[in-house]
>>> print(open('protein.txt').read())   # compact mmCIF, C-alpha atoms
# COMPACT_ATOMS: atom_id res chain seq x y z
CA MET A 1 -6.68 90.13 -56.72
CA ILE A 2 -5.19 86.76 -57.33
CA THR A 3 -3.39 84.52 -54.93
CA VAL A 4 -1.53 81.41 -55.85
CA ASP A 5 -1.10 78.42 -53.64
CA ARG A 6 -0.43 74.74 -53.79
CA PRO A 7 -2.33 73.29 -50.83
CA ARG A 8 -1.82 69.62 -50.09
CA ASN A 9 -5.43 68.95 -49.18
CA CYS A 10 -6.82 70.12 -52.48
CA GLU A 11 -6.45 66.83 -54.23
CA LYS A 12 -8.59 64.99 -51.67
CA LYS A 13 -11.73 63.92 -53.39
CA ILE A 14 -15.07 64.12 -51.66
CA GLY A 15 -17.39 61.98 -53.74
CA PHE A 16 -16.66 63.02 -57.29
CA GLU A 17 -16.02 66.69 -56.52
CA THR A 18 -12.61 68.09 -55.71
CA ARG A 19 -12.42 70.08 -52.49
CA MET A 20 -12.60 73.85 -52.62
CA PRO A 21 -9.10 75.30 -52.65
CA ARG A 22 -8.23 77.23 -49.49
CA ILE A 23 -6.42 80.52 -49.22
CA PRO A 24 -3.32 79.99 -47.13
CA LEU A 25 -2.91 81.92 -43.88
CA ARG A 26 -0.70 84.96 -44.07
CA ARG A 27 2.64 84.75 -42.31
CA SER A 28 2.73 87.25 -39.48
CA PHE A 29 5.80 89.30 -38.61
CA ASP A 30 6.61 92.66 -37.05
CA ILE A 31 7.09 95.63 -39.33
CA ILE A 32 7.87 99.31 -38.92
CA LYS A 33 5.46 101.31 -41.04
CA LEU A 34 3.57 104.57 -41.33
CA SER A 35 0.10 105.00 -39.92
CA TYR A 36 -2.04 107.86 -41.17
CA HIS A 37 -3.06 110.30 -38.45
CA GLY A 38 -3.97 113.42 -40.38
CA CYS A 39 -7.34 114.55 -41.66
CA ASN A 40 -8.63 115.62 -45.07
CA ASN A 41 -5.90 117.23 -47.18
CA ARG A 42 -3.55 117.29 -44.22
CA PRO A 43 -1.53 114.12 -44.06
CA PHE A 44 0.44 113.30 -40.94
CA PHE A 45 2.08 110.00 -40.21
CA HIS A 46 3.16 108.14 -37.14
CA ILE A 47 6.07 105.74 -37.56
CA VAL A 48 4.97 102.67 -35.64
CA LEU A 49 5.86 99.07 -34.95
CA LEU A 50 2.98 96.79 -35.89
CA LYS A 51 2.19 93.28 -37.02
CA ASN A 52 2.01 93.11 -40.80
CA ILE A 53 -1.50 91.68 -40.53
CA SER A 54 -2.91 94.38 -38.27
CA LYS A 55 -4.89 97.35 -39.55
CA ARG A 56 -3.18 100.55 -40.64
CA ASN A 57 -4.21 102.60 -37.61
CA ALA A 58 -4.30 99.78 -35.12
CA PRO A 59 -2.96 100.59 -31.64
CA PRO A 60 0.77 100.19 -32.21
CA ILE A 61 3.14 97.87 -30.39
CA GLU A 62 5.51 100.78 -30.17
CA MET A 63 5.61 104.31 -31.54
CA LEU A 64 8.97 105.11 -33.09
CA GLY A 65 8.51 108.56 -34.58
CA THR A 66 6.45 110.93 -36.71
CA TYR A 67 6.58 112.19 -40.27
CA ASP A 68 4.98 115.38 -41.52
CA PRO A 69 4.99 115.20 -45.33
CA MET A 70 3.70 118.77 -45.83
CA PRO A 71 6.54 121.29 -46.06
CA ASN A 72 6.32 123.98 -43.39
CA MET A 73 7.02 127.73 -43.77
CA TYR A 74 10.76 127.04 -44.06
CA ASN A 75 10.12 124.43 -46.75
CA GLU A 76 11.00 121.57 -44.44
CA LYS A 77 9.37 118.18 -44.05
CA LEU A 78 9.79 117.30 -40.40
CA VAL A 79 10.65 113.79 -39.26
CA SER A 80 11.22 112.62 -35.73
CA LEU A 81 12.74 109.22 -35.05
CA ASP A 82 13.52 107.21 -31.96
CA ILE A 83 16.88 106.10 -33.30
CA ASP A 84 17.89 103.88 -30.38
CA ARG A 85 14.72 101.86 -30.52
CA ILE A 86 14.80 101.64 -34.32
CA LYS A 87 18.38 100.34 -34.07
CA PHE A 88 17.23 97.78 -31.53
CA HIS A 89 14.38 96.65 -33.77
CA LEU A 90 16.67 96.50 -36.81
CA ALA A 91 19.02 94.30 -34.81
CA SER A 92 16.15 92.05 -33.79
CA GLY A 93 15.14 91.55 -37.43
CA VAL A 94 12.03 93.64 -37.81
CA ALA A 95 10.89 94.36 -41.38
CA LEU A 96 10.65 97.87 -42.81
CA SER A 97 8.03 99.23 -45.17
CA LYS A 98 9.24 101.02 -48.27
CA PRO A 99 8.42 104.60 -47.18
CA VAL A 100 10.11 103.98 -43.85
CA GLU A 101 13.16 102.62 -45.66
CA LYS A 102 13.24 105.80 -47.71
CA LEU A 103 12.94 107.98 -44.61
CA LEU A 104 15.68 106.09 -42.79
CA GLY A 105 17.88 106.34 -45.89
CA LEU A 106 17.42 110.11 -46.01
CA SER A 107 17.99 110.40 -42.27
CA GLY A 108 21.34 108.60 -42.62
CA LEU A 109 20.70 105.53 -40.49
CA LEU A 110 20.58 103.25 -43.54
CA PRO A 111 22.03 103.74 -47.04
CA VAL A 112 19.89 105.88 -49.33
CA HIS A 113 17.07 103.90 -50.84
CA PRO A 114 17.52 103.13 -54.57
CA MET A 115 14.09 104.45 -55.42
CA SER A 116 14.91 107.85 -53.93
CA PHE A 117 17.86 108.11 -56.33
CA ILE A 118 15.50 107.43 -59.19
CA THR A 119 12.91 109.95 -58.04
CA ALA A 120 15.65 112.55 -57.58
CA LYS A 121 16.80 111.85 -61.11
CA ARG A 122 13.31 112.21 -62.46
CA ASN A 123 12.79 115.47 -60.55
CA ARG A 124 16.06 116.81 -61.87
CA GLN A 125 15.03 115.95 -65.42
CA LYS A 126 11.72 117.66 -64.90
CA LEU A 127 13.42 120.82 -63.63
CA GLU A 128 15.81 120.83 -66.54
CA GLU A 129 12.93 120.51 -68.98
CA GLN A 130 11.10 123.34 -67.28
CA ALA A 131 14.18 125.54 -67.41
CA LYS A 132 14.62 124.69 -71.07
CA SER A 133 11.03 125.49 -71.94
CA GLN A 134 11.24 128.77 -70.00
CA ALA A 135 14.41 129.74 -71.85
CA GLU A 136 12.75 128.96 -75.16
CA GLN A 137 9.73 131.05 -74.25
CA GLU A 138 11.95 133.94 -73.25
CA GLU A 139 13.84 133.69 -76.50
CA GLU A 140 10.59 133.71 -78.44
CA GLY A 141 9.42 136.75 -76.46
CA ASN A 142 12.67 138.58 -77.16
CA ALA A 143 12.38 137.74 -80.85
CA ASP A 144 8.81 139.10 -80.96
CA LYS A 145 9.88 142.33 -79.25
CA SER A 146 12.77 142.88 -81.62
CA MET B 1 -17.91 80.58 -69.00
CA PHE B 2 -15.30 82.21 -71.16
CA CYS B 3 -13.25 84.81 -69.36
CA PRO B 4 -10.18 85.89 -71.25
CA LEU B 5 -8.61 88.02 -68.56
CA ARG B 6 -8.83 85.42 -65.88
CA ASN B 7 -7.57 82.71 -68.18
CA LEU B 8 -4.76 84.93 -69.34
CA ILE B 9 -3.67 85.72 -65.79
CA LYS B 10 -4.07 82.14 -64.71
CA SER B 11 -2.00 80.88 -67.57
CA SER B 12 0.70 83.52 -67.13
CA ILE B 13 1.05 82.85 -63.40
CA ALA B 14 1.02 79.13 -63.96
CA GLN B 15 3.75 79.45 -66.56
CA ARG B 16 5.87 81.59 -64.35
CA ILE B 17 5.54 79.24 -61.42
CA LEU B 18 6.28 76.26 -63.60
CA LEU B 19 9.36 77.98 -64.92
CA GLU B 20 10.50 79.09 -61.51
CA ASN B 21 9.94 75.99 -59.50
CA ASN B 22 10.09 73.34 -62.22
CA ILE B 23 7.07 71.49 -60.86
CA LYS B 24 5.21 68.87 -62.81
CA LYS B 25 1.85 69.44 -61.15
CA PRO B 26 -0.11 72.52 -62.23
CA PRO B 27 -0.47 75.08 -59.42
CA MET B 28 -3.77 75.97 -57.80
CA VAL B 29 -4.85 79.41 -58.89
CA ASN B 30 -7.57 80.99 -56.84
CA SER B 31 -9.13 84.33 -57.71
CA VAL B 32 -10.21 86.33 -54.68
CA ARG B 33 -12.86 89.03 -54.76
CA PHE B 34 -13.48 90.96 -51.62
CA ARG B 35 -16.39 93.22 -52.49
CA LYS B 36 -18.44 91.03 -54.78
CA PRO B 37 -19.34 87.42 -54.14
CA ARG B 38 -17.16 85.08 -56.11
CA TRP B 39 -19.98 83.56 -58.11
CA LEU B 40 -20.99 86.87 -59.73
CA PRO B 41 -19.74 87.27 -63.29
CA ILE B 42 -17.31 90.00 -64.28
CA ALA B 43 -19.03 93.26 -65.24
CA LYS B 44 -19.70 93.58 -68.94
CA SER B 45 -17.76 96.79 -69.24
CA LYS B 46 -14.73 95.12 -67.65
CA GLU B 47 -15.00 91.84 -69.49
CA PHE B 48 -12.19 92.50 -71.94
CA TYR B 49 -10.35 95.02 -69.78
CA VAL B 50 -6.68 94.44 -69.38
CA ARG B 51 -4.72 96.75 -67.15
CA LYS B 52 -1.94 98.62 -68.85
CA PRO B 53 1.31 97.63 -67.27
CA THR B 54 3.23 100.43 -65.61
CA PRO B 55 5.83 101.76 -68.04
CA VAL B 56 9.34 100.60 -67.23
CA ILE B 57 12.34 102.47 -68.52
CA PRO B 58 15.01 99.84 -69.11
CA GLU B 59 17.89 102.09 -68.04
CA GLU B 60 16.17 102.92 -64.79
CA ALA B 61 15.23 99.30 -64.19
CA GLU B 62 18.84 98.26 -64.66
CA GLU B 63 20.06 100.98 -62.32
CA LEU B 64 17.42 100.03 -59.77
CA TYR B 65 18.41 96.39 -59.94
CA MET B 66 22.06 97.20 -59.36
CA ARG B 67 21.32 99.67 -56.59
CA TYR B 68 18.84 97.32 -54.93
CA SER B 69 21.29 94.45 -54.78
CA LYS B 70 23.88 96.69 -53.15
CA TYR B 71 21.29 98.30 -50.88
CA ARG B 72 20.02 94.97 -49.62
CA ALA B 73 23.52 93.73 -48.90
CA ASP B 74 24.32 96.98 -47.08
CA VAL B 75 21.17 96.84 -44.98
CA ALA B 76 21.79 93.21 -44.10
CA SER B 77 25.33 94.01 -43.01
CA ILE B 78 24.10 96.99 -40.97
CA ARG B 79 21.54 94.77 -39.30
CA LEU B 80 24.23 92.23 -38.49
CA PHE B 81 26.49 94.94 -37.10
CA LEU B 82 23.68 96.33 -34.96
CA LYS B 83 22.90 92.84 -33.72
CA GLU B 84 26.50 92.27 -32.69
CA GLN B 85 26.63 95.65 -31.03
CA LEU B 86 23.44 94.90 -29.16
CA SER B 87 24.68 91.51 -27.97
CA GLN B 88 27.98 93.08 -26.85
CA LYS B 89 26.08 95.80 -25.06
CA SER B 90 23.90 93.27 -23.33
CA VAL B 91 26.97 91.22 -22.30
CA ASN B 92 28.67 94.33 -20.92
CA PHE B 93 25.50 95.29 -19.16
CA MET B 94 25.21 91.82 -17.62
CA GLU B 95 28.82 91.92 -16.39
CA LYS B 96 28.40 95.36 -14.95
CA GLN B 97 25.13 94.40 -13.38
CA GLY B 98 26.74 91.31 -11.85
CA LYS B 99 29.47 93.44 -10.29
CA ASP B 100 26.97 96.01 -9.13
CA ASP B 101 24.81 93.27 -7.68
CA ALA B 102 27.72 91.82 -5.72
CA ALA B 103 28.65 95.25 -4.35
CA ASP B 104 25.06 95.95 -3.51
CA PHE B 105 24.77 92.62 -1.73
CA LYS B 106 27.88 93.33 0.34
CA LEU B 107 26.61 96.73 1.32
CA MET B 108 23.23 95.33 2.20
CA GLU B 109 24.82 92.57 4.28
CA GLU B 110 26.79 95.13 6.27
CA GLN B 111 23.75 97.24 6.79
CA VAL B 112 21.76 94.23 7.93
CA LYS B 113 24.52 93.21 10.33
CA ASP B 114 24.65 96.67 11.87
CA TYR B 115 20.93 96.76 12.23
CA ASN B 116 20.89 93.30 13.78
CA ASN B 117 23.51 94.28 16.35
CA GLU B 118 21.62 97.40 17.24
CA VAL B 119 18.40 95.51 17.61
CA ALA B 120 20.10 92.72 19.60
CA ALA B 121 21.44 95.18 22.20
CA PHE B 122 18.05 96.73 22.56
CA ARG B 123 16.41 93.33 22.83
CA GLN B 124 18.84 92.04 25.46
CA GLU B 125 18.23 95.06 27.64
CA ARG B 126 14.52 94.60 27.32
CA GLN B 127 14.76 90.89 28.09
CA LYS B 128 16.83 91.63 31.22
CA GLN B 129 14.20 94.04 32.43
CA GLU B 130 11.49 91.53 31.69
CA VAL B 131 13.26 88.76 33.65
CA GLN B 132 13.78 91.09 36.58
CA ALA B 133 10.16 92.12 36.58
CA GLU B 134 9.08 88.49 36.43
CA GLN B 135 11.30 87.59 39.38
CA GLU B 136 9.93 90.46 41.39
CA ARG B 137 6.42 89.39 40.63
CA ILE B 138 7.15 85.80 41.63
CA GLU B 139 8.74 86.97 44.90
CA LYS B 140 5.73 89.08 45.67
CA VAL B 141 3.39 86.20 44.96
CA VAL B 142 5.41 83.83 47.12
CA GLN B 143 5.49 86.33 49.95
CA LYS B 144 1.75 86.82 49.73
CA GLN B 145 1.17 83.08 49.72
CA GLN B 146 3.40 82.63 52.77
CA GLU B 147 1.55 85.35 54.62
CA GLU B 148 -1.77 83.78 53.79
CA ARG B 149 -0.57 80.38 54.88
CA LEU B 150 0.65 81.80 58.20
CA LYS B 151 -2.64 83.53 58.71
CA ARG B 152 -4.55 80.35 57.99
CA THR B 153 -2.42 78.26 60.33
CA LEU B 154 -2.90 80.80 63.10
CA GLU B 155 -6.62 80.76 62.60
CA ALA B 156 -6.66 76.96 62.54
CA GLU B 157 -4.66 76.82 65.74
CA LYS B 158 -7.04 79.24 67.40
CA LYS B 159 -10.00 77.16 66.27
CA LEU B 160 -8.36 73.99 67.50
CA GLU B 161 -7.69 75.51 70.86
CA ARG B 162 -11.29 76.66 71.08
CA ILE B 163 -12.57 73.21 70.23
CA LYS B 164 -10.12 71.62 72.61
CA ALA B 165 -11.27 73.89 75.37
CA ALA B 166 -14.94 73.10 74.70
CA SER B 167 -15.33 69.32 74.35
CA PHE B 168 -12.21 67.23 74.44
CA ILE B 169 -11.79 64.77 77.32
CA HIS B 170 -8.65 65.18 79.26
CA PRO B 171 -6.96 61.99 80.50
CA ASN B 172 -7.34 63.21 84.06
CA ASP B 173 -11.11 63.46 83.75
CA LEU B 174 -11.48 60.12 81.97
CA ASP B 175 -13.11 58.21 84.81
CA GLN B 176 -15.60 60.97 85.45
CA ALA B 177 -16.48 61.10 81.77
CA ILE B 178 -16.98 57.37 81.63
CA GLU B 179 -19.30 57.58 84.61
CA ILE B 180 -21.28 60.33 83.01
CA MET B 181 -21.50 58.31 79.81
CA LEU B 182 -22.70 55.27 81.69
CA ASP B 183 -25.24 57.39 83.56
CA SER B 184 -26.57 58.92 80.40
CA ARG B 185 -27.33 55.70 78.53
CA ALA B 186 -30.42 55.79 76.35
CA ASP B 187 -32.70 52.88 75.56
CA TYR B 188 -34.36 52.92 72.16
CA ASN B 189 -36.07 49.55 72.56
CA PHE B 190 -39.64 50.87 72.34
CA ALA B 191 -42.47 51.35 69.84
CA VAL B 192 -44.71 54.30 69.08
CA THR B 193 -48.34 53.83 68.18
CA ASN B 194 -50.31 55.94 65.76
CA SER B 195 -51.82 57.93 68.56
CA GLY B 196 -48.36 58.68 69.92
CA GLU B 197 -48.24 56.24 72.84
CA VAL B 198 -44.83 54.85 73.70
CA ILE B 199 -44.79 51.15 74.40
CA PRO B 200 -41.50 50.12 76.08
CA GLY B 201 -39.67 46.90 75.27
CA ARG B 202 -39.22 43.88 77.49
CA ILE B 203 -35.93 44.98 79.01
CA CYS B 204 -36.25 48.55 79.95
CA LEU B 205 -33.73 50.61 81.73
CA GLN B 206 -34.76 53.17 84.25
CA THR B 207 -32.71 55.80 82.60
CA ALA B 208 -34.64 55.59 79.34
CA LEU B 209 -36.99 58.37 78.55
>>> encode(input="protein.txt", output="structure tokens")
Amino acid sequence: MITVDRPRNCEKKIGFETRMPRIPLRRSFDIIKLSYHGCNNRPFFHIVLLKNISKRNAPPIEMLGTYDPMPNMYNEKLVSLDIDRIKFHLASGVALSKPVEKLLGLSGLLPVHPMSFITAKRNRQKLEEQAKSQAEQEEEGNADKS
Amino acid sequence: MFCPLRNLIKSSIAQRILLENNIKKPPMVNSVRFRKPRWLPIAKSKEFYVRKPTPVIPEEAEELYMRYSKYRADVASIRLFLKEQLSQKSVNFMEKQGKDDAADFKLMEEQVKDYNNEVAAFRQERQKQEVQAEQERIEKVVQKQQEERLKRTLEAEKKLERIKAASFIHPNDLDQAIEIMLDSRADYNFAVTNSGEVIPGRICLQTAL
């Protein structure tokens, strides 16, 4: 990893050596993000309000919902959101992580995230290709039979 | 030590920053390693390793750029709208709460007044009773004291009468008393020796001893 900074103190000279450059402190702000609460091969996320500096599964400032990324027997990925509180936090200028932005876009609170358009496009392309290849295979099979 | 990767990255970042910010001074570039100490050299197998950049499809990138700019503007406007809504809500809430508070205060005042009146009536009755009881007590005490005083005066009078009867000299018997007094004069002008003899003084009355 590489961080870039322009500290003011770095040019102070101690004897003939320059001072060791310092890593600047990270700016802290509140953010709504996902925290992992599943186990092996069974992901499950809580949607929580946390400081950006705090650990992923730190005790949250506020819990705002859950997200189950594994489709259930009806092929649904279940999301629960505390919309009122999320609205409040949005109004008070809390940041959102990218996955949360995507979820909120799909849920209809925010506009659909640009990246989800792209992924949808890619998935569509993949499906088309699969369909094409299947059709070709079928044609080949028919030709062999005849 | 020659390290192409680090130099490459350093130079690229420095260039970018220079271009972006148009600064004359070169920026400080600090490589951070979390697992290994910073003085250890790069592993030999990774010495000339350069990560392959993630492939970017130009069409997609363009689309993303356009969409992102719109998305960000939309989200910002939504945030602003929500903020306004929230502030309005809070203002409405404050107004409503103010009204509610005033009504509540009025109701409470009335309730307190009623309660005070009720309690005052009760208290006045009680105080009346207390005053009456106190007066009765005082009367009793006074009566008792008077009785005692009467009793004492009676006793004193009785005693006085008794004493009067026993020893007081009546004006009618004055001469007789004086005579008796004169007859019963005592002379103490004498001395007593160790052996108990009484030696009378020079002038000795007959009545002495």
>>> closest_residue(input="protein.txt", among="B:Arg72, B:Lys144, B:Arg185, B:Arg137", to="chain A", atoms="only C-alpha atoms")
B:Arg72
>>> atom_distance(input="protein.txt", atom1="atom CA of Lys96 of chain B", atom2="atom CA of Met108 of chain B")
17.9 Å
>>> atom_distance(input="protein.txt", atom1="atom CA of Leu127 of chain A", atom2="atom CA of Leu104 of chain A")
25.6 Å
>>> build_atoms(input="protein.txt", residues="segment 65-98 of chain B", atoms="N, CA and C atoms", output="short mmCIF file (atom, residue, chain, number, x, y, z; two decimals), keeping the file's coordinate frame")
data_model
loop_
_atom_site.label_atom_id
_atom_site.label_comp_id
_atom_site.auth_asym_id
_atom_site.auth_seq_id
_atom_site.Cartn_x
_atom_site.Cartn_y
_atom_site.Cartn_z
N TYR B 65 18.00 97.77 -60.26
CA TYR B 65 18.41 96.39 -59.94
C TYR B 65 19.78 96.40 -59.27
N MET B 66 20.70 97.13 -59.92
CA MET B 66 22.06 97.20 -59.36
C MET B 66 22.04 97.80 -57.96
N ARG B 67 21.35 98.94 -57.87
CA ARG B 67 21.32 99.67 -56.59
C ARG B 67 20.67 98.81 -55.51
N TYR B 68 19.58 98.13 -55.91
CA TYR B 68 18.84 97.32 -54.93
C TYR B 68 19.72 96.21 -54.38
N SER B 69 20.47 95.57 -55.26
CA SER B 69 21.29 94.45 -54.78
C SER B 69 22.31 94.96 -53.77
N LYS B 70 22.90 96.10 -54.06
CA LYS B 70 23.88 96.69 -53.15
C LYS B 70 23.19 97.12 -51.85
N TYR B 71 22.03 97.79 -52.04
CA TYR B 71 21.29 98.30 -50.88
C TYR B 71 20.94 97.18 -49.91
N ARG B 72 20.45 96.08 -50.49
CA ARG B 72 20.02 94.97 -49.62
C ARG B 72 21.20 94.40 -48.85
N ALA B 73 22.32 94.25 -49.56
CA ALA B 73 23.52 93.73 -48.90
C ALA B 73 23.95 94.67 -47.77
N ASP B 74 23.92 95.98 -48.08
CA ASP B 74 24.32 96.98 -47.08
C ASP B 74 23.43 96.89 -45.85
N VAL B 75 22.13 96.85 -46.11
CA VAL B 75 21.17 96.84 -44.98
C VAL B 75 21.36 95.59 -44.15
N ALA B 76 21.58 94.47 -44.84
CA ALA B 76 21.79 93.21 -44.10
C ALA B 76 23.02 93.32 -43.22
N SER B 77 24.10 93.89 -43.80
CA SER B 77 25.33 94.01 -43.01
C SER B 77 25.14 94.95 -41.84
N ILE B 78 24.38 96.04 -42.06
CA ILE B 78 24.10 96.99 -40.97
C ILE B 78 23.31 96.30 -39.87
N ARG B 79 22.35 95.51 -40.28
CA ARG B 79 21.54 94.77 -39.30
C ARG B 79 22.42 93.85 -38.47
N LEU B 80 23.32 93.15 -39.17
CA LEU B 80 24.23 92.23 -38.49
C LEU B 80 25.10 92.99 -37.49
N PHE B 81 25.62 94.12 -37.96
CA PHE B 81 26.49 94.94 -37.10
C PHE B 81 25.73 95.39 -35.85
N LEU B 82 24.50 95.86 -36.08
CA LEU B 82 23.68 96.33 -34.96
C LEU B 82 23.40 95.19 -33.98
N LYS B 83 23.18 94.02 -34.56
CA LYS B 83 22.90 92.84 -33.72
C LYS B 83 24.08 92.53 -32.82
N GLU B 84 25.28 92.54 -33.46
CA GLU B 84 26.50 92.27 -32.69
C GLU B 84 26.68 93.30 -31.58
N GLN B 85 26.49 94.55 -31.99
CA GLN B 85 26.63 95.65 -31.03
C GLN B 85 25.69 95.44 -29.85
N LEU B 86 24.47 95.08 -30.20
CA LEU B 86 23.44 94.90 -29.16
C LEU B 86 23.84 93.78 -28.21
N SER B 87 24.32 92.66 -28.81
CA SER B 87 24.68 91.51 -27.97
C SER B 87 25.84 91.87 -27.06
N GLN B 88 26.84 92.63 -27.64
CA GLN B 88 27.98 93.08 -26.85
C GLN B 88 27.51 93.96 -25.69
N LYS B 89 26.63 94.87 -26.06
CA LYS B 89 26.08 95.80 -25.06
C LYS B 89 25.42 95.03 -23.93
N SER B 90 24.63 94.03 -24.34
CA SER B 90 23.90 93.27 -23.33
C SER B 90 24.88 92.50 -22.44
N VAL B 91 25.97 91.95 -23.08
CA VAL B 91 26.97 91.22 -22.30
C VAL B 91 27.64 92.16 -21.30
N ASN B 92 28.05 93.35 -21.81
CA ASN B 92 28.67 94.33 -20.92
C ASN B 92 27.75 94.69 -19.77
N PHE B 93 26.52 94.90 -20.15
CA PHE B 93 25.50 95.29 -19.16
C PHE B 93 25.38 94.21 -18.09
N MET B 94 25.36 92.93 -18.56
CA MET B 94 25.21 91.82 -17.62
C MET B 94 26.40 91.78 -16.65
N GLU B 95 27.62 91.95 -17.24
CA GLU B 95 28.82 91.92 -16.39
C GLU B 95 28.75 93.01 -15.33
N LYS B 96 28.45 94.20 -15.84
CA LYS B 96 28.40 95.36 -14.95
C LYS B 96 27.35 95.15 -13.86
N GLN B 97 26.24 94.62 -14.33
CA GLN B 97 25.13 94.40 -13.38
C GLN B 97 25.54 93.37 -12.33
N GLY B 98 26.28 92.32 -12.79
CA GLY B 98 26.74 91.31 -11.85
C GLY B 98 27.63 91.92 -10.78
#
